[in-house]
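Listing of start_31.txt, compact mmCIF, N, CA and C atoms
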```
# COMPACT_ATOMS: atom_id res chain seq x y z
N GLN E 27 -23.39 38.06 -40.86
CA GLN E 27 -23.93 37.86 -42.19
C GLN E 27 -23.27 38.83 -43.17
N VAL E 28 -22.83 38.32 -44.30
CA VAL E 28 -22.20 39.14 -45.32
C VAL E 28 -23.06 39.12 -46.57
N GLN E 29 -23.31 40.27 -47.12
CA GLN E 29 -24.00 40.35 -48.41
C GLN E 29 -23.02 40.82 -49.47
N LEU E 30 -23.11 40.20 -50.63
CA LEU E 30 -22.20 40.50 -51.73
C LEU E 30 -22.99 41.08 -52.89
N VAL E 31 -22.53 42.19 -53.44
CA VAL E 31 -23.21 42.84 -54.56
C VAL E 31 -22.20 43.06 -55.68
N GLU E 32 -22.48 42.43 -56.82
CA GLU E 32 -21.59 42.56 -57.97
C GLU E 32 -22.01 43.74 -58.85
N SER E 33 -21.05 44.30 -59.56
CA SER E 33 -21.32 45.34 -60.53
C SER E 33 -20.22 45.31 -61.59
N GLY E 34 -20.50 46.01 -62.70
CA GLY E 34 -19.48 46.14 -63.73
C GLY E 34 -19.70 45.27 -64.96
N GLY E 35 -20.72 44.44 -64.95
CA GLY E 35 -20.99 43.62 -66.12
C GLY E 35 -21.53 44.45 -67.26
N GLY E 36 -21.65 43.82 -68.42
CA GLY E 36 -22.19 44.52 -69.56
C GLY E 36 -21.89 43.81 -70.86
N LEU E 37 -22.07 44.52 -71.95
CA LEU E 37 -21.83 43.99 -73.29
C LEU E 37 -20.52 44.57 -73.82
N VAL E 38 -19.66 43.68 -74.32
CA VAL E 38 -18.37 44.12 -74.84
C VAL E 38 -18.03 43.28 -76.06
N GLN E 39 -17.27 43.85 -76.97
CA GLN E 39 -16.84 43.10 -78.15
C GLN E 39 -15.67 42.18 -77.79
N ALA E 40 -15.52 41.13 -78.56
CA ALA E 40 -14.40 40.21 -78.35
C ALA E 40 -13.09 40.99 -78.42
N GLY E 41 -12.19 40.66 -77.49
CA GLY E 41 -10.93 41.37 -77.39
C GLY E 41 -10.96 42.53 -76.42
N GLY E 42 -12.15 42.89 -75.97
CA GLY E 42 -12.29 44.00 -75.05
C GLY E 42 -12.06 43.62 -73.61
N SER E 43 -12.30 44.58 -72.72
CA SER E 43 -12.04 44.39 -71.29
C SER E 43 -13.24 44.86 -70.47
N LEU E 44 -13.38 44.25 -69.32
CA LEU E 44 -14.35 44.67 -68.31
C LEU E 44 -13.73 44.48 -66.94
N ARG E 45 -14.18 45.27 -65.99
CA ARG E 45 -13.74 45.10 -64.61
C ARG E 45 -14.95 44.92 -63.73
N LEU E 46 -15.05 43.78 -63.11
CA LEU E 46 -16.15 43.50 -62.19
C LEU E 46 -15.73 43.85 -60.77
N SER E 47 -16.70 44.32 -60.00
CA SER E 47 -16.48 44.60 -58.58
C SER E 47 -17.47 43.82 -57.75
N CYS E 48 -17.05 43.43 -56.58
CA CYS E 48 -17.93 42.74 -55.63
C CYS E 48 -17.78 43.45 -54.29
N ALA E 49 -18.80 44.18 -53.91
CA ALA E 49 -18.78 44.92 -52.66
C ALA E 49 -19.48 44.12 -51.57
N ALA E 50 -18.81 43.97 -50.44
CA ALA E 50 -19.38 43.22 -49.32
C ALA E 50 -19.97 44.19 -48.29
N SER E 51 -21.09 43.78 -47.72
CA SER E 51 -21.75 44.63 -46.72
C SER E 51 -20.99 44.62 -45.40
N GLY E 52 -20.27 43.54 -45.14
CA GLY E 52 -19.49 43.45 -43.92
C GLY E 52 -18.03 43.32 -44.24
N SER E 53 -17.24 43.13 -43.20
CA SER E 53 -15.80 43.02 -43.40
C SER E 53 -15.45 41.73 -44.11
N ILE E 54 -14.56 41.82 -45.06
CA ILE E 54 -14.09 40.62 -45.77
C ILE E 54 -12.75 40.15 -45.20
N PHE E 55 -12.29 40.85 -44.20
CA PHE E 55 -10.97 40.54 -43.65
C PHE E 55 -10.90 39.10 -43.15
N SER E 56 -12.05 38.62 -42.63
CA SER E 56 -12.06 37.27 -42.07
C SER E 56 -12.32 36.18 -43.10
N MET E 57 -12.60 36.58 -44.33
CA MET E 57 -12.90 35.60 -45.37
C MET E 57 -11.61 34.95 -45.85
N ASP E 58 -11.55 33.63 -45.71
CA ASP E 58 -10.35 32.92 -46.14
C ASP E 58 -10.22 32.89 -47.65
N PHE E 59 -11.37 32.81 -48.31
CA PHE E 59 -11.36 32.75 -49.78
C PHE E 59 -12.42 33.70 -50.31
N MET E 60 -12.09 34.39 -51.36
CA MET E 60 -13.07 35.17 -52.12
C MET E 60 -12.76 34.95 -53.58
N GLY E 61 -13.78 35.11 -54.39
CA GLY E 61 -13.51 34.89 -55.80
C GLY E 61 -14.73 35.00 -56.67
N TRP E 62 -14.60 34.41 -57.83
CA TRP E 62 -15.63 34.52 -58.85
C TRP E 62 -15.89 33.16 -59.49
N TYR E 63 -17.17 32.90 -59.67
CA TYR E 63 -17.64 31.79 -60.47
C TYR E 63 -18.45 32.37 -61.63
N ARG E 64 -18.72 31.53 -62.60
CA ARG E 64 -19.59 31.96 -63.69
C ARG E 64 -20.48 30.81 -64.13
N GLN E 65 -21.62 31.18 -64.69
CA GLN E 65 -22.56 30.17 -65.19
C GLN E 65 -23.17 30.65 -66.48
N ALA E 66 -22.95 29.89 -67.52
CA ALA E 66 -23.54 30.19 -68.83
C ALA E 66 -24.83 29.40 -68.97
N PRO E 67 -25.74 29.85 -69.83
CA PRO E 67 -27.02 29.14 -70.01
C PRO E 67 -26.81 27.68 -70.37
N GLY E 68 -27.48 26.80 -69.63
CA GLY E 68 -27.39 25.37 -69.92
C GLY E 68 -26.12 24.70 -69.46
N LYS E 69 -25.28 25.45 -68.75
CA LYS E 69 -24.00 24.88 -68.29
C LYS E 69 -23.91 24.93 -66.78
N LYS E 70 -23.01 24.10 -66.25
CA LYS E 70 -22.80 24.09 -64.82
C LYS E 70 -22.00 25.33 -64.38
N ARG E 71 -22.19 25.70 -63.12
CA ARG E 71 -21.40 26.79 -62.56
C ARG E 71 -19.94 26.36 -62.50
N GLU E 72 -19.05 27.24 -62.92
CA GLU E 72 -17.64 26.89 -62.93
C GLU E 72 -16.80 27.98 -62.26
N LEU E 73 -15.72 27.54 -61.67
CA LEU E 73 -14.82 28.46 -61.00
C LEU E 73 -14.07 29.30 -62.04
N VAL E 74 -13.99 30.59 -61.78
CA VAL E 74 -13.16 31.48 -62.59
C VAL E 74 -11.82 31.68 -61.88
N GLY E 75 -11.89 32.04 -60.63
CA GLY E 75 -10.68 32.22 -59.85
C GLY E 75 -11.01 32.58 -58.43
N ILE E 76 -10.07 32.31 -57.52
CA ILE E 76 -10.24 32.67 -56.13
C ILE E 76 -8.97 33.34 -55.63
N ILE E 77 -9.10 34.06 -54.52
CA ILE E 77 -7.95 34.70 -53.91
C ILE E 77 -8.04 34.48 -52.41
N THR E 78 -6.91 34.12 -51.82
CA THR E 78 -6.89 33.85 -50.39
C THR E 78 -6.81 35.15 -49.59
N SER E 79 -6.94 35.02 -48.28
CA SER E 79 -6.86 36.19 -47.41
C SER E 79 -5.48 36.84 -47.48
N SER E 80 -4.48 36.07 -47.84
CA SER E 80 -3.13 36.63 -47.97
C SER E 80 -2.86 37.19 -49.37
N GLY E 81 -3.86 37.09 -50.25
CA GLY E 81 -3.72 37.68 -51.58
C GLY E 81 -3.20 36.75 -52.65
N SER E 82 -3.17 35.46 -52.38
CA SER E 82 -2.67 34.50 -53.37
C SER E 82 -3.80 34.04 -54.28
N PRO E 83 -3.69 34.27 -55.60
CA PRO E 83 -4.78 33.91 -56.50
C PRO E 83 -4.58 32.55 -57.18
N THR E 84 -5.70 31.96 -57.56
CA THR E 84 -5.72 30.75 -58.38
C THR E 84 -6.75 30.95 -59.46
N TYR E 85 -6.42 30.53 -60.69
CA TYR E 85 -7.31 30.77 -61.81
C TYR E 85 -7.64 29.46 -62.54
N ALA E 86 -8.81 29.46 -63.15
CA ALA E 86 -9.14 28.37 -64.06
C ALA E 86 -8.23 28.47 -65.28
N ASP E 87 -7.90 27.33 -65.87
CA ASP E 87 -7.01 27.33 -67.03
C ASP E 87 -7.56 28.20 -68.16
N SER E 88 -8.88 28.23 -68.29
CA SER E 88 -9.51 28.94 -69.40
C SER E 88 -9.32 30.46 -69.33
N VAL E 89 -8.96 30.98 -68.15
CA VAL E 89 -8.84 32.43 -68.02
C VAL E 89 -7.43 32.87 -67.64
N LYS E 90 -6.54 31.93 -67.40
CA LYS E 90 -5.16 32.28 -67.01
C LYS E 90 -4.52 33.18 -68.04
N GLY E 91 -3.87 34.22 -67.55
CA GLY E 91 -3.20 35.16 -68.44
C GLY E 91 -4.11 36.25 -68.97
N ARG E 92 -5.41 36.10 -68.77
CA ARG E 92 -6.36 37.11 -69.26
C ARG E 92 -7.10 37.81 -68.11
N PHE E 93 -7.39 37.08 -67.05
CA PHE E 93 -8.16 37.61 -65.92
C PHE E 93 -7.25 37.79 -64.70
N THR E 94 -7.56 38.80 -63.91
CA THR E 94 -6.81 39.05 -62.67
C THR E 94 -7.78 39.36 -61.54
N ILE E 95 -7.61 38.63 -60.44
CA ILE E 95 -8.42 38.87 -59.24
C ILE E 95 -7.60 39.66 -58.24
N SER E 96 -8.24 40.60 -57.58
CA SER E 96 -7.59 41.33 -56.50
C SER E 96 -8.62 41.62 -55.41
N ARG E 97 -8.14 41.87 -54.21
CA ARG E 97 -9.05 42.20 -53.12
C ARG E 97 -8.49 43.39 -52.35
N ASP E 98 -9.40 44.25 -51.91
CA ASP E 98 -9.05 45.42 -51.12
C ASP E 98 -9.81 45.29 -49.81
N ASN E 99 -9.13 44.77 -48.80
CA ASN E 99 -9.80 44.54 -47.51
C ASN E 99 -10.29 45.84 -46.88
N ALA E 100 -9.59 46.93 -47.12
CA ALA E 100 -10.00 48.21 -46.54
C ALA E 100 -11.32 48.69 -47.13
N LYS E 101 -11.57 48.34 -48.39
CA LYS E 101 -12.81 48.74 -49.06
C LYS E 101 -13.83 47.61 -49.09
N ASN E 102 -13.49 46.47 -48.50
CA ASN E 102 -14.39 45.30 -48.50
C ASN E 102 -14.85 44.96 -49.91
N THR E 103 -13.91 44.97 -50.82
CA THR E 103 -14.25 44.78 -52.24
C THR E 103 -13.26 43.83 -52.90
N VAL E 104 -13.81 42.99 -53.78
CA VAL E 104 -13.00 42.11 -54.61
C VAL E 104 -13.25 42.48 -56.07
N TYR E 105 -12.19 42.42 -56.86
CA TYR E 105 -12.29 42.83 -58.25
C TYR E 105 -11.92 41.67 -59.18
N LEU E 106 -12.46 41.72 -60.39
CA LEU E 106 -12.06 40.79 -61.44
C LEU E 106 -11.81 41.61 -62.70
N GLN E 107 -10.55 41.77 -63.04
CA GLN E 107 -10.19 42.44 -64.28
C GLN E 107 -10.14 41.42 -65.40
N MET E 108 -10.94 41.62 -66.42
CA MET E 108 -11.04 40.67 -67.52
C MET E 108 -10.57 41.34 -68.80
N ASN E 109 -9.52 40.81 -69.36
CA ASN E 109 -8.95 41.32 -70.61
C ASN E 109 -9.05 40.27 -71.70
N SER E 110 -8.89 40.69 -72.93
CA SER E 110 -8.93 39.78 -74.09
C SER E 110 -10.15 38.87 -74.03
N LEU E 111 -11.29 39.46 -73.79
CA LEU E 111 -12.52 38.68 -73.63
C LEU E 111 -12.89 37.95 -74.90
N LYS E 112 -13.46 36.76 -74.71
CA LYS E 112 -13.88 35.90 -75.82
C LYS E 112 -15.38 35.64 -75.69
N PRO E 113 -16.04 35.32 -76.80
CA PRO E 113 -17.47 35.01 -76.72
C PRO E 113 -17.77 33.90 -75.70
N GLU E 114 -16.88 32.96 -75.53
CA GLU E 114 -17.11 31.87 -74.58
C GLU E 114 -17.01 32.32 -73.13
N ASP E 115 -16.61 33.56 -72.90
CA ASP E 115 -16.63 34.10 -71.54
C ASP E 115 -18.01 34.61 -71.15
N THR E 116 -18.94 34.63 -72.10
CA THR E 116 -20.30 35.09 -71.82
C THR E 116 -20.95 34.22 -70.76
N ALA E 117 -21.43 34.87 -69.69
CA ALA E 117 -22.02 34.14 -68.57
C ALA E 117 -22.49 35.14 -67.52
N VAL E 118 -23.20 34.63 -66.54
CA VAL E 118 -23.46 35.40 -65.32
C VAL E 118 -22.29 35.14 -64.38
N TYR E 119 -21.68 36.21 -63.90
CA TYR E 119 -20.53 36.09 -63.02
C TYR E 119 -21.00 36.35 -61.58
N LEU E 120 -20.65 35.41 -60.71
CA LEU E 120 -21.10 35.47 -59.33
C LEU E 120 -19.91 35.59 -58.38
N CYS E 121 -20.05 36.50 -57.44
CA CYS E 121 -19.04 36.69 -56.42
C CYS E 121 -19.25 35.66 -55.30
N TYR E 122 -18.16 35.26 -54.68
CA TYR E 122 -18.17 34.18 -53.69
C TYR E 122 -17.22 34.56 -52.56
N ALA E 123 -17.66 34.21 -51.34
CA ALA E 123 -16.81 34.44 -50.18
C ALA E 123 -17.03 33.31 -49.18
N GLN E 124 -15.96 32.89 -48.54
CA GLN E 124 -16.10 31.76 -47.61
C GLN E 124 -15.02 31.76 -46.55
N MET E 125 -15.44 31.44 -45.33
CA MET E 125 -14.50 31.11 -44.27
C MET E 125 -14.40 29.59 -44.20
N ILE E 126 -13.23 29.09 -43.93
CA ILE E 126 -13.03 27.64 -43.85
C ILE E 126 -13.98 27.05 -42.83
N GLY E 127 -14.68 25.98 -43.26
CA GLY E 127 -15.60 25.30 -42.36
C GLY E 127 -16.99 25.90 -42.29
N ARG E 128 -17.20 26.99 -43.03
CA ARG E 128 -18.51 27.64 -43.03
C ARG E 128 -19.13 27.56 -44.43
N ASN E 129 -20.45 27.72 -44.49
CA ASN E 129 -21.11 27.80 -45.80
C ASN E 129 -20.67 29.05 -46.54
N PRO E 130 -20.57 28.98 -47.85
CA PRO E 130 -20.15 30.16 -48.62
C PRO E 130 -21.26 31.19 -48.75
N TYR E 131 -20.88 32.43 -48.99
CA TYR E 131 -21.79 33.49 -49.36
C TYR E 131 -21.71 33.69 -50.87
N TRP E 132 -22.86 34.05 -51.45
CA TRP E 132 -22.93 34.28 -52.89
C TRP E 132 -23.61 35.61 -53.19
N GLY E 133 -23.16 36.25 -54.24
CA GLY E 133 -23.85 37.42 -54.74
C GLY E 133 -24.94 37.00 -55.72
N GLN E 134 -25.69 37.99 -56.22
CA GLN E 134 -26.78 37.70 -57.16
C GLN E 134 -26.29 37.50 -58.58
N GLY E 135 -25.12 38.02 -58.87
CA GLY E 135 -24.55 37.85 -60.20
C GLY E 135 -24.67 39.07 -61.08
N THR E 136 -23.77 39.19 -62.03
CA THR E 136 -23.80 40.26 -63.02
C THR E 136 -23.53 39.64 -64.39
N GLN E 137 -24.31 40.06 -65.38
CA GLN E 137 -24.22 39.47 -66.71
C GLN E 137 -23.06 40.07 -67.49
N VAL E 138 -22.28 39.20 -68.09
CA VAL E 138 -21.22 39.60 -69.01
C VAL E 138 -21.52 38.95 -70.36
N THR E 139 -21.62 39.77 -71.38
CA THR E 139 -21.89 39.28 -72.73
C THR E 139 -20.79 39.77 -73.66
N VAL E 140 -20.14 38.83 -74.34
CA VAL E 140 -19.06 39.16 -75.26
C VAL E 140 -19.52 38.82 -76.67
N SER E 141 -19.58 39.83 -77.51
CA SER E 141 -20.03 39.62 -78.89
C SER E 141 -18.83 39.36 -79.80
N SER E 142 -19.08 38.55 -80.82
CA SER E 142 -18.00 38.19 -81.75
C SER E 142 -17.89 39.18 -82.90
```

Just give me the structure of the file as structure tokens.
Amino acid sequence: QVQLVESGGGLVQAGGSLRLSCAASGSIFSMDFMGWYRQAPGKKRELVGIITSSGSPTYADSVKGRFTISRDNAKNTVYLQMNSLKPEDTAVYLCYAQMIGRNPYWGQGTQVTVSS
């Protein structure tokens, strides 16, 4: 069983930056995919980006060039560096981890609010 705990959310002005962290209680070495989703009020949960066990990232078009995902297997932590934040990035950001063929693990989420 893996537990995921996000941190690093907060309130930031448009154009600013935040770095989210997702700390896993167990080893993430075996996780084929880790990443971030977000959910804004009244909207469906959407993918922000994922990173494979080999470190290959994929991003949603809306965040390409602004957000960067990285993972540190030694620290059992995944990061999301968010730059050039926009008000439309406001959402609860949830950490995600999954092994192929298994149900995914989810964190509780961390709120990111971008003011205009």

Using only C-alpha atoms, which of the listed residues (E:Gly61, E:Gly68, E:Asp115, E:Ser142) sits closest to Thr84 of chain E?
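Ranking E:Gly61, E:Gly68, E:Asp115, E:Ser142 by distance to Thr84 of chain E, first place goes to E:Gly61.
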
Take every atom of segment 125-130 of chain E listed in the file, pad by 4 Å on each side, and give me the axis-aligned box centre and edge lengths in Å, one decimal, as JSON.
```
{"center_x": -17.1, "center_y": 28.4, "center_z": -45.5, "size_x": 16.2, "size_y": 14.1, "size_z": 14.5}
```

When distances are computed from only C-alpha atoms, which of E:Arg71, E:Lys101, E:Lys112, E:Lys90 shows the smallest separation from Phe55 of chain E?
E:Lys101

Interatomic distance (Å, one decimal) between atom N of Gln39 of chain E and atom C of Thr139 of chain E
6.3 Å

Can you check which residues of chain E DSSP gives as strand (DSSP E) on the backbone and send them as a PyMOL selection string?
chain E and resi 30-33+36-39+44-50+59-65+72-78+83-85+93-98+103-108+117-124+131-132+136-141

Could you pull out every residue with an atom within 5 Å of (-15.3, 31.8, -46.0), file coordinates, counting all atoms listed in the file, and send them as a PyMOL selection string?
chain E and resi 57-59+123-126

Write the selection just made, keeping N, CA and C atoms, as an mmCIF file, in the coordinates of the input?
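Listing of again.cif after writing:
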```
data_model
loop_
_atom_site.group_PDB
_atom_site.id
_atom_site.type_symbol
_atom_site.label_atom_id
_atom_site.label_comp_id
_atom_site.auth_asym_id
_atom_site.auth_seq_id
_atom_site.Cartn_x
_atom_site.Cartn_y
_atom_site.Cartn_z
ATOM 1 N N MET E 57 -12.600 36.580 -44.330
ATOM 2 C CA MET E 57 -12.900 35.600 -45.370
ATOM 3 C C MET E 57 -11.610 34.950 -45.850
ATOM 4 N N ASP E 58 -11.550 33.630 -45.710
ATOM 5 C CA ASP E 58 -10.350 32.920 -46.140
ATOM 6 C C ASP E 58 -10.220 32.890 -47.650
ATOM 7 N N PHE E 59 -11.370 32.810 -48.310
ATOM 8 C CA PHE E 59 -11.360 32.750 -49.780
ATOM 9 C C PHE E 59 -12.420 33.700 -50.310
ATOM 10 N N ALA E 123 -17.660 34.210 -51.340
ATOM 11 C CA ALA E 123 -16.810 34.440 -50.180
ATOM 12 C C ALA E 123 -17.030 33.310 -49.180
ATOM 13 N N GLN E 124 -15.960 32.890 -48.540
ATOM 14 C CA GLN E 124 -16.100 31.760 -47.610
ATOM 15 C C GLN E 124 -15.020 31.760 -46.550
ATOM 16 N N MET E 125 -15.440 31.440 -45.330
ATOM 17 C CA MET E 125 -14.500 31.110 -44.270
ATOM 18 C C MET E 125 -14.400 29.590 -44.200
ATOM 19 N N ILE E 126 -13.230 29.090 -43.930
ATOM 20 C CA ILE E 126 -13.030 27.640 -43.850
ATOM 21 C C ILE E 126 -13.980 27.050 -42.830
#
```

Using only N, CA and C atoms, list the residues that have an atom at most 7 Å from (-19.1, 42.2, -44.3), coordinates as in the file, as a ChimeraX atom specification.
/E:27-29,50-55

For Gln137 of chain E, the closest of E:Gly42, E:Leu30, E:Asn102, E:Gly35 counting only N, CA and C atoms is E:Gly35

Quick one: residues within 5 Å of Val138 of chain E, all atoms listed in the file counted, chain neighbours fewer than 3 positions away excluded, as a count of residues only?
5

From the options E:Leu37, E:Met108, E:Leu120, E:Cys48, which residue's atoms come nearest to Glu72 of chain E, counting only C-alpha atoms?
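Of the candidates, the smallest distance to Glu72 of chain E is held by E:Leu120.
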